[in-house]
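Listing of protein.txt; format and content: compact mmCIF, C-alpha atoms.
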# COMPACT_ATOMS: atom_id res chain seq x y z
CA MET A 1 77.52 118.13 119.73
CA TYR A 2 81.15 117.28 120.41
CA ASP A 3 82.74 117.37 123.83
CA PHE A 4 86.02 118.76 122.45
CA CYS A 5 86.97 120.49 119.23
CA ILE A 6 90.70 120.92 118.58
CA VAL A 7 91.71 123.55 116.03
CA GLY A 8 95.02 122.72 114.35
CA GLY A 9 96.42 119.48 112.95
CA GLY A 10 100.05 119.99 113.91
CA ILE A 11 101.90 117.90 116.45
CA ILE A 12 100.53 119.84 119.47
CA GLY A 13 96.89 119.58 118.44
CA LEU A 14 97.30 115.90 117.60
CA SER A 15 99.10 115.14 120.87
CA THR A 16 96.31 116.89 122.79
CA GLY A 17 93.73 114.87 120.90
CA MET A 18 95.58 111.64 121.58
CA THR A 19 95.81 112.41 125.31
CA LEU A 20 92.09 113.19 125.53
CA THR A 21 91.28 110.00 123.61
CA LYS A 22 93.34 107.81 125.92
CA ARG A 23 92.18 109.37 129.19
CA TYR A 24 88.53 109.89 128.30
CA PRO A 25 87.50 107.15 125.85
CA ASN A 26 83.82 108.18 126.07
CA ALA A 27 84.50 111.75 124.95
CA LYS A 28 83.35 112.87 121.50
CA ILE A 29 86.38 114.56 119.92
CA VAL A 30 86.86 116.35 116.62
CA LEU A 31 90.07 117.88 115.25
CA ILE A 32 89.89 120.32 112.35
CA GLU A 33 92.77 121.39 110.12
CA LYS A 34 92.57 124.04 107.42
CA GLU A 35 95.09 122.32 105.14
CA LYS A 36 94.51 119.20 103.05
CA GLN A 37 96.99 117.22 105.15
CA LEU A 38 98.13 117.01 108.76
CA ALA A 39 101.44 118.38 110.09
CA ASN A 40 101.65 120.69 107.10
CA HIS A 41 103.32 123.74 108.63
CA GLN A 42 105.73 124.04 111.57
CA THR A 43 105.61 120.31 112.35
CA GLY A 44 106.30 119.30 108.76
CA HIS A 45 109.00 121.90 108.19
CA ASN A 46 111.04 121.68 111.38
CA SER A 47 114.56 120.31 111.80
CA GLY A 48 113.46 116.99 113.27
CA VAL A 49 115.68 117.42 116.33
CA ILE A 50 114.90 115.72 119.64
CA HIS A 51 116.10 118.51 121.91
CA SER A 52 117.72 118.08 125.32
CA GLY A 53 116.60 121.34 126.97
CA ILE A 54 120.07 122.77 127.55
CA TYR A 55 119.23 126.28 126.31
CA TYR A 56 116.16 126.96 128.42
CA LYS A 57 115.81 128.87 131.66
CA PRO A 58 115.84 126.45 134.62
CA GLY A 59 112.34 125.93 135.95
CA SER A 60 110.64 127.14 132.77
CA PHE A 61 108.01 125.06 131.00
CA LYS A 62 110.40 124.72 128.05
CA ALA A 63 113.18 123.30 130.24
CA LYS A 64 110.92 120.86 132.09
CA PHE A 65 108.93 119.78 129.05
CA ALA A 66 112.05 119.31 126.88
CA HIS A 67 113.85 117.15 129.46
CA ALA A 68 110.85 114.89 130.10
CA GLY A 69 109.70 115.10 126.47
CA ASN A 70 113.05 113.87 125.16
CA ALA A 71 112.65 110.54 126.95
CA ALA A 72 108.93 110.31 126.16
CA MET A 73 109.49 110.94 122.44
CA VAL A 74 112.25 108.31 122.19
CA ARG A 75 110.00 105.83 123.98
CA PHE A 76 107.04 106.63 121.69
CA CYS A 77 109.18 106.12 118.59
CA GLN A 78 110.49 102.81 119.93
CA GLU A 79 107.02 101.53 120.80
CA ASN A 80 105.50 102.52 117.46
CA GLY A 81 108.28 101.72 115.01
CA ILE A 82 108.94 105.35 114.06
CA ASP A 83 112.39 106.26 112.78
CA TYR A 84 114.64 108.03 115.28
CA ASP A 85 118.32 108.24 116.17
CA VAL A 86 119.83 109.48 119.44
CA CYS A 87 122.98 110.66 117.69
CA GLY A 88 124.10 113.30 120.22
CA LYS A 89 125.10 116.89 119.75
CA VAL A 90 128.10 119.17 120.17
CA ILE A 91 127.81 122.91 120.87
CA VAL A 92 131.05 124.40 119.61
CA ALA A 93 132.97 127.52 120.64
CA THR A 94 134.89 128.63 117.57
CA GLU A 95 136.72 131.52 119.31
CA GLN A 96 138.15 132.07 122.77
CA LYS A 97 135.71 134.94 123.42
CA GLU A 98 132.87 132.39 123.23
CA ILE A 99 134.25 130.25 126.07
CA PRO A 100 132.51 132.22 128.87
CA PHE A 101 129.19 131.88 127.04
CA MET A 102 129.85 128.17 126.58
CA ASP A 103 130.62 127.80 130.29
CA ASN A 104 127.34 129.54 131.19
CA LEU A 105 125.46 127.22 128.85
CA PHE A 106 127.14 124.20 130.42
CA LYS A 107 126.05 125.39 133.90
CA ARG A 108 122.50 125.77 132.61
CA GLY A 109 122.61 122.20 131.29
CA ILE A 110 123.67 120.95 134.73
CA GLN A 111 120.90 123.02 136.38
CA ASN A 112 118.40 121.41 134.00
CA GLY A 113 119.52 117.94 135.07
CA LEU A 114 121.23 116.98 131.83
CA ASP A 115 124.13 114.62 131.25
CA VAL A 116 126.48 117.10 129.57
CA LYS A 117 130.25 117.25 129.32
CA LYS A 118 132.76 119.96 128.42
CA ILE A 119 135.39 118.78 125.94
CA GLY A 120 138.54 120.35 124.54
CA PRO A 121 139.61 120.71 120.91
CA GLU A 122 141.38 117.33 120.91
CA GLU A 123 138.33 115.36 122.01
CA LEU A 124 136.16 117.41 119.67
CA LYS A 125 138.42 116.36 116.77
CA GLU A 126 138.07 112.72 117.80
CA ILE A 127 134.30 112.75 117.51
CA GLU A 128 133.93 115.42 114.78
CA PRO A 129 137.18 115.38 112.78
CA HIS A 130 136.13 118.15 110.38
CA VAL A 131 134.91 120.67 112.96
CA ALA A 132 137.09 123.58 114.09
CA GLY A 133 136.66 124.70 117.69
CA VAL A 134 138.50 125.75 120.81
CA GLY A 135 136.07 123.83 123.02
CA ALA A 136 132.62 122.30 123.04
CA ILE A 137 129.78 120.89 125.11
CA ARG A 138 128.81 117.33 124.34
CA VAL A 139 125.09 116.56 124.78
CA PRO A 140 124.52 112.81 124.31
CA SER A 141 120.72 112.85 124.72
CA CYS A 142 119.99 114.91 121.59
CA GLY A 143 118.73 113.10 118.53
CA ILE A 144 116.49 113.22 115.48
CA ALA A 145 113.05 111.82 114.74
CA ASP A 146 110.42 111.59 112.02
CA TYR A 147 107.96 114.06 113.53
CA LYS A 148 105.56 113.77 110.61
CA GLY A 149 105.44 110.03 111.30
CA VAL A 150 104.87 110.75 114.99
CA SER A 151 102.01 113.12 114.12
CA LEU A 152 100.31 110.60 111.85
CA LYS A 153 100.52 108.00 114.62
CA PHE A 154 98.90 110.45 117.04
CA ALA A 155 96.13 110.91 114.44
CA GLN A 156 95.69 107.17 114.06
CA ILE A 157 95.25 106.78 117.83
CA ILE A 158 92.58 109.53 117.82
CA GLN A 159 90.64 107.92 114.99
CA GLU A 160 90.92 104.41 116.41
CA GLY A 161 89.47 105.86 119.63
CA GLY A 162 86.43 107.14 117.75
CA GLY A 163 87.56 110.73 117.17
CA ASP A 164 86.91 112.62 113.95
CA ILE A 165 89.53 114.48 111.93
CA TYR A 166 88.36 116.93 109.27
CA LEU A 167 90.88 118.32 106.79
CA ASP A 168 90.48 121.34 104.50
CA THR A 169 88.31 122.86 107.25
CA LYS A 170 89.09 126.45 108.16
CA VAL A 171 87.71 128.32 111.17
CA GLU A 172 85.91 131.49 110.04
CA ASN A 173 84.20 132.53 113.27
CA LEU A 174 83.77 131.45 116.88
CA ILE A 175 80.79 132.07 119.14
CA GLU A 176 81.55 131.19 122.74
CA LYS A 177 78.65 130.95 125.19
CA ALA A 178 78.10 129.52 128.65
CA ASP A 179 77.08 126.10 127.33
CA GLY A 180 79.77 125.68 124.67
CA VAL A 181 81.35 127.00 121.49
CA THR A 182 79.95 127.26 117.97
CA ILE A 183 82.69 126.95 115.36
CA GLU A 184 81.75 128.33 111.96
CA THR A 185 83.95 126.89 109.20
CA ASN A 186 84.14 126.88 105.43
CA LYS A 187 82.59 123.40 105.57
CA GLY A 188 79.70 124.19 107.91
CA THR A 189 79.08 124.65 111.62
CA ILE A 190 80.48 122.52 114.44
CA LYS A 191 79.19 122.68 118.01
CA SER A 192 81.41 121.67 120.90
CA ARG A 193 81.27 121.93 124.66
CA PHE A 194 84.95 122.99 124.75
CA LEU A 195 87.45 124.31 122.20
CA ILE A 196 91.24 123.90 122.22
CA ASN A 197 93.17 126.27 119.97
CA CYS A 198 96.40 124.69 118.69
CA ALA A 199 96.51 126.68 115.46
CA GLY A 200 100.23 127.52 115.55
CA LEU A 201 100.96 130.34 113.11
CA GLN A 202 97.28 131.33 113.24
CA SER A 203 96.75 130.81 116.99
CA ASP A 204 96.53 134.50 117.91
CA ARG A 205 93.88 135.05 115.24
CA VAL A 206 91.79 132.12 116.47
CA ALA A 207 92.08 133.48 120.02
CA LYS A 208 90.92 136.90 118.76
CA LEU A 209 87.86 135.27 117.14
CA ALA A 210 87.03 133.93 120.61
CA GLY A 211 87.17 137.47 121.98
CA LEU A 212 90.42 137.05 123.91
CA LYS A 213 92.94 139.84 124.32
CA THR A 214 96.32 138.11 124.63
CA GLY A 215 98.53 141.20 124.35
CA MET A 216 100.69 139.38 121.79
CA LYS A 217 100.92 138.89 118.06
CA ILE A 218 102.43 136.07 116.02
CA VAL A 219 105.23 137.35 113.80
CA PRO A 220 106.51 134.80 111.25
CA PHE A 221 110.25 134.33 110.77
CA ARG A 222 111.47 132.20 107.89
CA GLY A 223 114.46 129.96 108.45
CA GLU A 224 116.25 129.10 105.21
CA TYR A 225 118.47 126.05 104.85
CA TYR A 226 121.08 124.56 102.61
CA GLU A 227 121.90 120.88 102.55
CA LEU A 228 125.23 119.18 102.07
CA THR A 229 125.72 117.30 98.83
CA PRO A 230 125.65 113.50 99.29
CA GLU A 231 129.45 113.36 98.87
CA LYS A 232 129.93 115.69 101.86
CA ARG A 233 127.48 114.22 104.36
CA HIS A 234 130.32 112.32 106.02
CA LEU A 235 131.62 115.64 107.38
CA VAL A 236 128.88 115.61 110.04
CA LYS A 237 128.68 112.77 112.58
CA HIS A 238 126.46 114.39 115.23
CA LEU A 239 124.31 117.50 115.44
CA ILE A 240 126.71 120.46 115.35
CA TYR A 241 125.67 123.82 116.81
CA PRO A 242 127.58 127.04 117.53
CA VAL A 243 127.58 128.66 120.96
CA PRO A 244 124.60 131.03 120.58
CA ASN A 245 125.10 134.77 120.44
CA PRO A 246 123.58 136.07 123.71
CA ASP A 247 122.71 139.37 122.01
CA PHE A 248 120.54 137.73 119.32
CA PRO A 249 117.36 135.72 119.97
CA PHE A 250 118.10 132.90 117.49
CA LEU A 251 120.57 130.01 117.72
CA GLY A 252 122.72 130.68 114.66
CA VAL A 253 123.40 128.40 111.70
CA HIS A 254 124.10 124.78 112.57
CA PHE A 255 124.33 121.32 111.01
CA THR A 256 121.50 118.85 111.47
CA ARG A 257 121.43 115.25 110.40
CA MET A 258 117.98 114.38 109.07
CA ILE A 259 116.22 111.07 109.53
CA ASN A 260 116.35 110.41 105.75
CA GLY A 261 120.15 110.67 105.70
CA GLU A 262 120.40 114.25 104.49
CA VAL A 263 122.44 116.87 106.37
CA HIS A 264 120.88 120.33 106.55
CA ALA A 265 122.82 123.50 107.28
CA GLY A 266 121.14 126.61 108.65
CA PRO A 267 118.88 128.35 109.31
CA ASN A 268 119.13 132.06 109.03
CA ALA A 269 116.17 134.00 110.42
CA VAL A 270 114.38 136.60 108.30
CA LEU A 271 110.94 138.16 108.53
CA ALA A 272 108.48 136.22 106.38
CA PHE A 273 106.12 138.41 104.36
CA LYS A 274 103.32 135.89 104.85
CA ARG A 275 102.28 133.86 107.91
CA GLU A 276 103.05 130.68 106.01
CA GLY A 277 105.64 132.14 103.65
CA TYR A 278 108.21 129.44 102.91
CA LYS A 279 109.61 131.18 99.82
CA LYS A 280 111.14 134.63 99.37
CA THR A 281 108.40 135.35 96.84
CA ASP A 282 105.55 134.46 99.23
CA ILE A 283 103.81 137.73 100.12
CA ASN A 284 100.46 138.37 101.76
CA VAL A 285 99.72 142.09 101.94
CA LYS A 286 97.39 141.73 104.93
CA ASP A 287 99.94 139.68 106.89
CA LEU A 288 102.77 142.07 106.07
CA ILE A 289 100.85 145.22 106.97
CA GLU A 290 99.79 143.61 110.23
CA VAL A 291 103.45 143.09 111.19
CA LEU A 292 104.75 146.44 109.96
CA THR A 293 102.05 148.36 111.84
CA TYR A 294 102.61 146.43 115.07
CA ARG A 295 104.54 148.48 117.62
CA GLY A 296 105.98 145.36 119.26
CA PHE A 297 107.71 144.33 116.03
CA TRP A 298 109.64 147.58 115.75
CA LYS A 299 110.54 147.58 119.43
CA MET A 300 112.08 144.13 118.93
CA ALA A 301 113.63 144.87 115.53
CA MET A 302 115.45 148.13 116.22
CA PRO A 303 117.92 146.82 118.87
CA ASN A 304 118.55 143.73 116.69
CA MET A 305 118.87 145.61 113.40
CA LYS A 306 122.61 144.94 112.93
CA GLU A 307 122.29 141.18 113.42
CA GLY A 308 119.05 141.16 111.47
CA MET A 309 120.74 142.70 108.43
CA LYS A 310 123.36 139.95 108.56
CA GLU A 311 120.53 137.43 108.37
CA TYR A 312 119.16 139.12 105.26
CA VAL A 313 122.60 139.16 103.64
CA ARG A 314 122.81 135.39 104.25
CA SER A 315 119.36 135.04 102.69
CA PHE A 316 120.51 136.49 99.37
CA SER A 317 124.22 135.59 99.37
CA LYS A 318 125.26 131.96 99.21
CA GLN A 319 128.84 133.02 99.97
CA ALA A 320 127.78 134.84 103.14
CA PHE A 321 125.81 131.77 104.25
CA LEU A 322 128.83 129.59 103.47
CA ASN A 323 131.10 131.89 105.50
CA SER A 324 128.92 131.23 108.56
CA LEU A 325 129.07 127.48 107.99
CA GLN A 326 132.85 127.56 107.52
CA ARG A 327 133.26 128.83 111.08
CA LEU A 328 132.32 125.29 112.13
CA ILE A 329 133.53 123.24 109.13
CA PRO A 330 136.27 125.23 107.34
CA GLU A 331 136.76 122.81 104.45
CA LEU A 332 133.25 123.35 103.02
CA THR A 333 133.15 125.01 99.61
CA GLU A 334 130.34 126.65 97.67
CA LYS A 335 129.77 123.57 95.54
CA ASP A 336 129.26 121.44 98.67
CA ILE A 337 125.94 123.08 99.64
CA ILE A 338 122.66 123.33 97.76
CA PRO A 339 119.42 125.13 98.74
CA THR A 340 116.68 123.07 100.38
CA HIS A 341 113.30 123.73 102.00
CA ALA A 342 112.67 126.49 104.53
CA GLY A 343 110.61 126.56 107.71
CA VAL A 344 108.59 129.30 109.37
CA ARG A 345 108.73 129.96 113.10
CA ALA A 346 105.68 131.45 114.82
CA GLN A 347 107.29 133.96 117.16
CA ALA A 348 104.93 135.59 119.64
CA LEU A 349 105.79 139.22 120.38
CA MET A 350 104.37 141.41 123.12
CA GLN A 351 103.52 145.04 122.47
CA ASP A 352 106.66 146.16 124.32
CA GLY A 353 108.79 144.19 121.82
CA SER A 354 109.67 141.35 124.16
CA MET A 355 109.67 137.87 122.73
CA VAL A 356 107.43 135.40 124.50
CA ASP A 357 110.12 132.89 125.43
CA ASP A 358 107.98 130.22 127.06
CA PHE A 359 104.77 128.39 126.27
CA ALA A 360 101.77 130.73 126.54
CA ILE A 361 98.28 129.39 127.27
CA PHE A 362 95.16 131.54 127.63
CA LYS A 363 91.76 130.52 128.95
CA GLY A 364 88.35 131.51 127.61
CA ASN A 365 84.99 130.61 129.11
CA ASN A 366 84.87 127.25 127.37
CA SER A 367 88.17 127.29 125.54
CA LEU A 368 91.91 127.03 125.94
CA HIS A 369 94.32 128.74 123.57
CA ILE A 370 97.94 127.61 123.10
CA CYS A 371 99.27 130.84 121.58
CA ASN A 372 103.00 130.22 121.83
CA ALA A 373 104.53 126.79 121.48
CA PRO A 374 108.02 127.39 120.09
CA SER A 375 110.88 124.92 119.84
CA PRO A 376 111.17 122.45 121.60
CA ALA A 377 107.43 121.95 121.03
CA ALA A 378 107.86 118.88 118.82
CA THR A 379 110.25 117.25 121.31
CA ALA A 380 107.91 118.11 124.17
CA SER A 381 104.64 117.45 122.33
CA ILE A 382 103.60 114.48 124.48
CA GLN A 383 104.26 116.46 127.67
CA ILE A 384 102.46 119.51 126.28
CA GLY A 385 99.44 117.40 125.37
CA ASN A 386 99.35 116.07 128.92
CA ALA A 387 99.70 119.58 130.37
CA VAL A 388 96.91 120.97 128.19
CA VAL A 389 94.53 118.22 129.30
CA GLU A 390 95.47 118.86 132.93
CA ARG A 391 94.76 122.56 132.41
CA ILE A 392 91.34 121.71 130.95
CA ALA A 393 90.63 119.51 133.97
CA ASP A 394 91.42 122.44 136.26
CA SER A 395 89.15 124.84 134.38
CA SER A 396 86.21 122.79 133.15
CA GLN A 397 83.53 120.51 134.57
CA ILE A 398 83.44 118.51 131.32
CA LEU A 399 86.19 116.08 132.21
CA ASP A 400 84.61 115.37 135.62
CA GLN A 401 81.49 114.27 133.79
CA LEU A 402 83.43 112.10 131.35
CA ALA A 403 85.71 110.41 133.89
Show me the file's structure as structure tokens.
Amino acid sequence: MYDFCIVGGGIIGLSTGMTLTKRYPNAKIVLIEKEKQLANHQTGHNSGVIHSGIYYKPGSFKAKFAHAGNAAMVRFCQENGIDYDVCGKVIVATEQKEIPFMDNLFKRGIQNGLDVKKIGPEELKEIEPHVAGVGAIRVPSCGIADYKGVSLKFAQIIQEGGGDIYLDTKVENLIEKADGVTIETNKGTIKSRFLINCAGLQSDRVAKLAGLKTGMKIVPFRGEYYELTPEKRHLVKHLIYPVPNPDFPFLGVHFTRMINGEVHAGPNAVLAFKREGYKKTDINVKDLIEVLTYRGFWKMAMPNMKEGMKEYVRSFSKQAFLNSLQRLIPELTEKDIIPTHAGVRAQALMQDGSMVDDFAIFKGNNSLHICNAPSPAATASIQIGNAVVERIADSSQILDQLA
């Protein structure tokens, strides 16, 4: 019998496991992951950005966790020899009509306690000579990190503390009773006094197995990227983002320096036809039918249809994708960009079509379910792990007994 079973070997599950290990060294902990390696999905396919928290509603979990998580992640990388670079970021207005939106974003950054600065086109040219813009916000605290390396360090801390990690172990059923949870997997049965669901793209399904009605469904959106050829990487000095379109729920294509020296450009945002569908050809009929028969998807999609069609055009037209990139760096040509890997975002949608914009945590009798942990989850992973353990402490007698 374990004290805690964590479902999901991404950065959130691993951070939660690390926090439990450090605070309660006598606890028996197991983490199970359905893939053959850790950090295989959202964690291993994200942009690697250490976010500042400028975009998020003041007072929200995302805003608070990103701000504190930024410093905590940099400190963790420093202490553990993990590659990172606080390279800074510029959010660029490419047209005068975007200036009011940029000003609102700047005010939000100030409200969130960030060190941000508005700069004009001359100063923008000084720090990013190849970028075209009529103004920008400079965000010095943004950076990049090796989140897969961070995740593996979290795992090492769990195992050194006596915790077990089982790979290639998929949850098939959950039986939650007053004295604990029985987890039936493809590798046998695990019994635990408490279960923590950090299953990411599958989190709503795991919650459903536990008998919870969350009122939301995970809808997968694929973000496709190009990368700059090695000869053109010098065009990007910082992270370069556009001022986001307030009428569309995604940030727009941007340029991201990667920790391995590459520069990625993107993403677009298109519906994935499989929960973990990283390629256009990845289709799971069950997953697709589940989305297309979900009322919340259509309530979200219809008002965004025009922008959504633009995303699909960019998915199939390199020239259309390039046109978006040229708004920021006009000198790019078609031969300067080549396709690279895609990521999938687990977007939680309510039945009324509203996107769940903040972290969403649901409580069972002896379980806790993290059913929405969108960006900046990797940045904020240490803070989220702390918050999850605090939430367990508020809802369970187990930690009192282990303290």
Point-to-point distance from CA of Glu334 (chain A) to CA of Ile137 (chain A), Å rounded to tenths: 28.0 Å
Residues within 8 Å of region 184-199 of chain A, only C-alpha atoms, excluding chain neighbours under 6 positions, as a compact mmCIF listing (two decimals) with C-alpha atoms, in the frame of the given file:
# COMPACT_ATOMS: atom_id res chain seq x y z
CA MET A 1 77.52 118.13 119.73
CA TYR A 2 81.15 117.28 120.41
CA ASP A 3 82.74 117.37 123.83
CA PHE A 4 86.02 118.76 122.45
CA CYS A 5 86.97 120.49 119.23
CA ILE A 6 90.70 120.92 118.58
CA VAL A 7 91.71 123.55 116.03
CA GLY A 8 95.02 122.72 114.35
CA GLY A 9 96.42 119.48 112.95
CA GLY A 10 100.05 119.99 113.91
CA ILE A 12 100.53 119.84 119.47
CA GLY A 13 96.89 119.58 118.44
CA THR A 169 88.31 122.86 107.25
CA LYS A 170 89.09 126.45 108.16
CA VAL A 171 87.71 128.32 111.17
CA GLU A 172 85.91 131.49 110.04
CA ASN A 173 84.20 132.53 113.27
CA LEU A 174 83.77 131.45 116.88
CA VAL A 206 91.79 132.12 116.47
CA ALA A 207 92.08 133.48 120.02
CA ASN A 366 84.87 127.25 127.37
CA SER A 367 88.17 127.29 125.54
CA LEU A 368 91.91 127.03 125.94
CA HIS A 369 94.32 128.74 123.57
CA ILE A 370 97.94 127.61 123.10
CA CYS A 371 99.27 130.84 121.58
CA ILE A 398 83.44 118.51 131.32
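Each of A:Arg327, A:Lys232, A:Arg257, A:Lys280 was compared to Gly48 (chain A) using all atoms listed in the file, and A:Arg257 turns out to be the nearest.
Proximity to Ile165 (chain A) was assessed for A:His41, A:Phe221, A:Leu152, A:Leu271 counting all atoms listed in the file; the smallest distance is recorded for A:Leu152.
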A:Gly223, A:Gly343, A:Pro376, A:Gly149 ranked by distance to Asn70 (chain A), top pick (using only C-alpha atoms): A:Pro376
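Interatomic distance, CA of Ile91 (chain A) against CA of Gly266 (chain A): 14.4 Å.
Each of A:Ile127, A:Ile82, A:Leu328, A:Leu292 was compared to Val219 (chain A) using only C-alpha atoms, and A:Leu292 turns out to be the nearest.
Between CA of Asp352 (chain A) and CA of Tyr294 (chain A) lies a distance of 10.1 Å.
Among the candidates A:Ala68, A:Ile392, A:Ala380, A:Val150, the one nearest to Leu14 (chain A) when counting only C-alpha atoms is A:Val150.
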Within 8 Å of region 158-163 of chain A using only C-alpha atoms, minus same-chain residues under 4 positions, as a PyMOL selection string: chain A and resi 14+17-18+21-22+25+28-31+154
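Distances here use only C-alpha atoms; by that measure, the residue among A:Tyr147, A:Phe359, A:Phe76, A:Phe106 closest to Gln42 (chain A) is A:Tyr147.
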Just need the box for region 189-205 of chain A, edges along x, y and z, holding every atom the file lists for it with 6 Å tacked onto each side, so centre and edge lengths in Å to one decimal, as AutoDock Vina command-line options.
--center_x 90.0 --center_y 128.4 --center_z 118.2 --size_x 33.9 --size_y 25.4 --size_z 25.1
Residues within 10 Å of Phe321 (chain A), only C-alpha atoms, excluding chain neighbours under 2 positions, as a ChimeraX atom specification: /A:224-226,253,265-268,310-319,323-326,334,337
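Those residues that approach Lys213 (chain A) to within 10 Å, counting only C-alpha atoms, are Asp204, Ala207, Lys208 and Phe362 of chain A; same-chain residues fewer than 5 positions away are not listed.
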Missing atoms in region 320-336 of chain A: can you complete it with N, CA, C and O atoms, as a CSV table (one decimal), in the coordinates of the input?
chain,number,residue,atom,x,y,z
A,320,ALA,N,127.9,134.4,101.8
A,320,ALA,CA,127.8,134.8,103.1
A,320,ALA,C,127.3,133.7,104.0
A,320,ALA,O,127.7,133.5,105.2
A,321,PHE,N,126.3,132.9,103.5
A,321,PHE,CA,125.8,131.8,104.2
A,321,PHE,C,126.9,130.8,104.5
A,321,PHE,O,127.1,130.2,105.6
A,322,LEU,N,127.7,130.5,103.4
A,322,LEU,CA,128.8,129.6,103.5
A,322,LEU,C,129.9,130.1,104.5
A,322,LEU,O,130.4,129.2,105.3
A,323,ASN,N,130.1,131.4,104.5
A,323,ASN,CA,131.1,131.9,105.5
A,323,ASN,C,130.7,131.5,106.9
A,323,ASN,O,131.6,131.2,107.8
A,324,SER,N,129.4,131.6,107.2
A,324,SER,CA,128.9,131.2,108.6
A,324,SER,C,129.1,129.8,108.8
A,324,SER,O,129.5,129.4,109.9
A,325,LEU,N,128.9,128.9,107.8
A,325,LEU,CA,129.1,127.5,108.0
A,325,LEU,C,130.5,127.1,108.1
A,325,LEU,O,130.9,126.2,108.9
A,326,GLN,N,131.4,127.9,107.5
A,326,GLN,CA,132.8,127.6,107.5
A,326,GLN,C,133.5,127.8,108.9
A,326,GLN,O,134.5,127.4,109.2
A,327,ARG,N,132.8,128.6,109.7
A,327,ARG,CA,133.3,128.8,111.1
A,327,ARG,C,133.3,127.5,111.8
A,327,ARG,O,134.1,127.3,112.7
A,328,LEU,N,132.4,126.6,111.5
A,328,LEU,CA,132.3,125.3,112.1
A,328,LEU,C,133.1,124.2,111.3
A,328,LEU,O,133.8,123.4,111.9
A,329,ILE,N,132.9,124.2,110.0
A,329,ILE,CA,133.5,123.2,109.1
A,329,ILE,C,134.3,124.0,108.0
A,329,ILE,O,133.7,124.3,107.0
A,330,PRO,N,135.5,124.4,108.3
A,330,PRO,CA,136.3,125.2,107.3
A,330,PRO,C,136.4,124.7,105.9
A,330,PRO,O,136.6,125.5,105.0
A,331,GLU,N,136.5,123.4,105.8
A,331,GLU,CA,136.8,122.8,104.4
A,331,GLU,C,135.6,122.8,103.5
A,331,GLU,O,135.7,122.5,102.3
A,332,LEU,N,134.4,123.3,103.9
A,332,LEU,CA,133.2,123.4,103.0
A,332,LEU,C,133.5,124.4,101.9
A,332,LEU,O,134.1,125.4,102.2
A,333,THR,N,133.1,124.1,100.7
A,333,THR,CA,133.2,125.0,99.6
A,333,THR,C,131.7,125.3,99.1
A,333,THR,O,130.8,124.6,99.4
A,334,GLU,N,131.6,126.2,98.2
A,334,GLU,CA,130.3,126.6,97.7
A,334,GLU,C,129.6,125.5,96.9
A,334,GLU,O,128.4,125.4,97.0
A,335,LYS,N,130.4,124.7,96.3
A,335,LYS,CA,129.8,123.6,95.5
A,335,LYS,C,129.3,122.4,96.4
A,335,LYS,O,128.6,121.5,96.0
A,336,ASP,N,129.7,122.5,97.7
A,336,ASP,CA,129.3,121.4,98.7
A,336,ASP,C,127.9,121.6,99.3
A,336,ASP,O,127.4,120.8,100.0
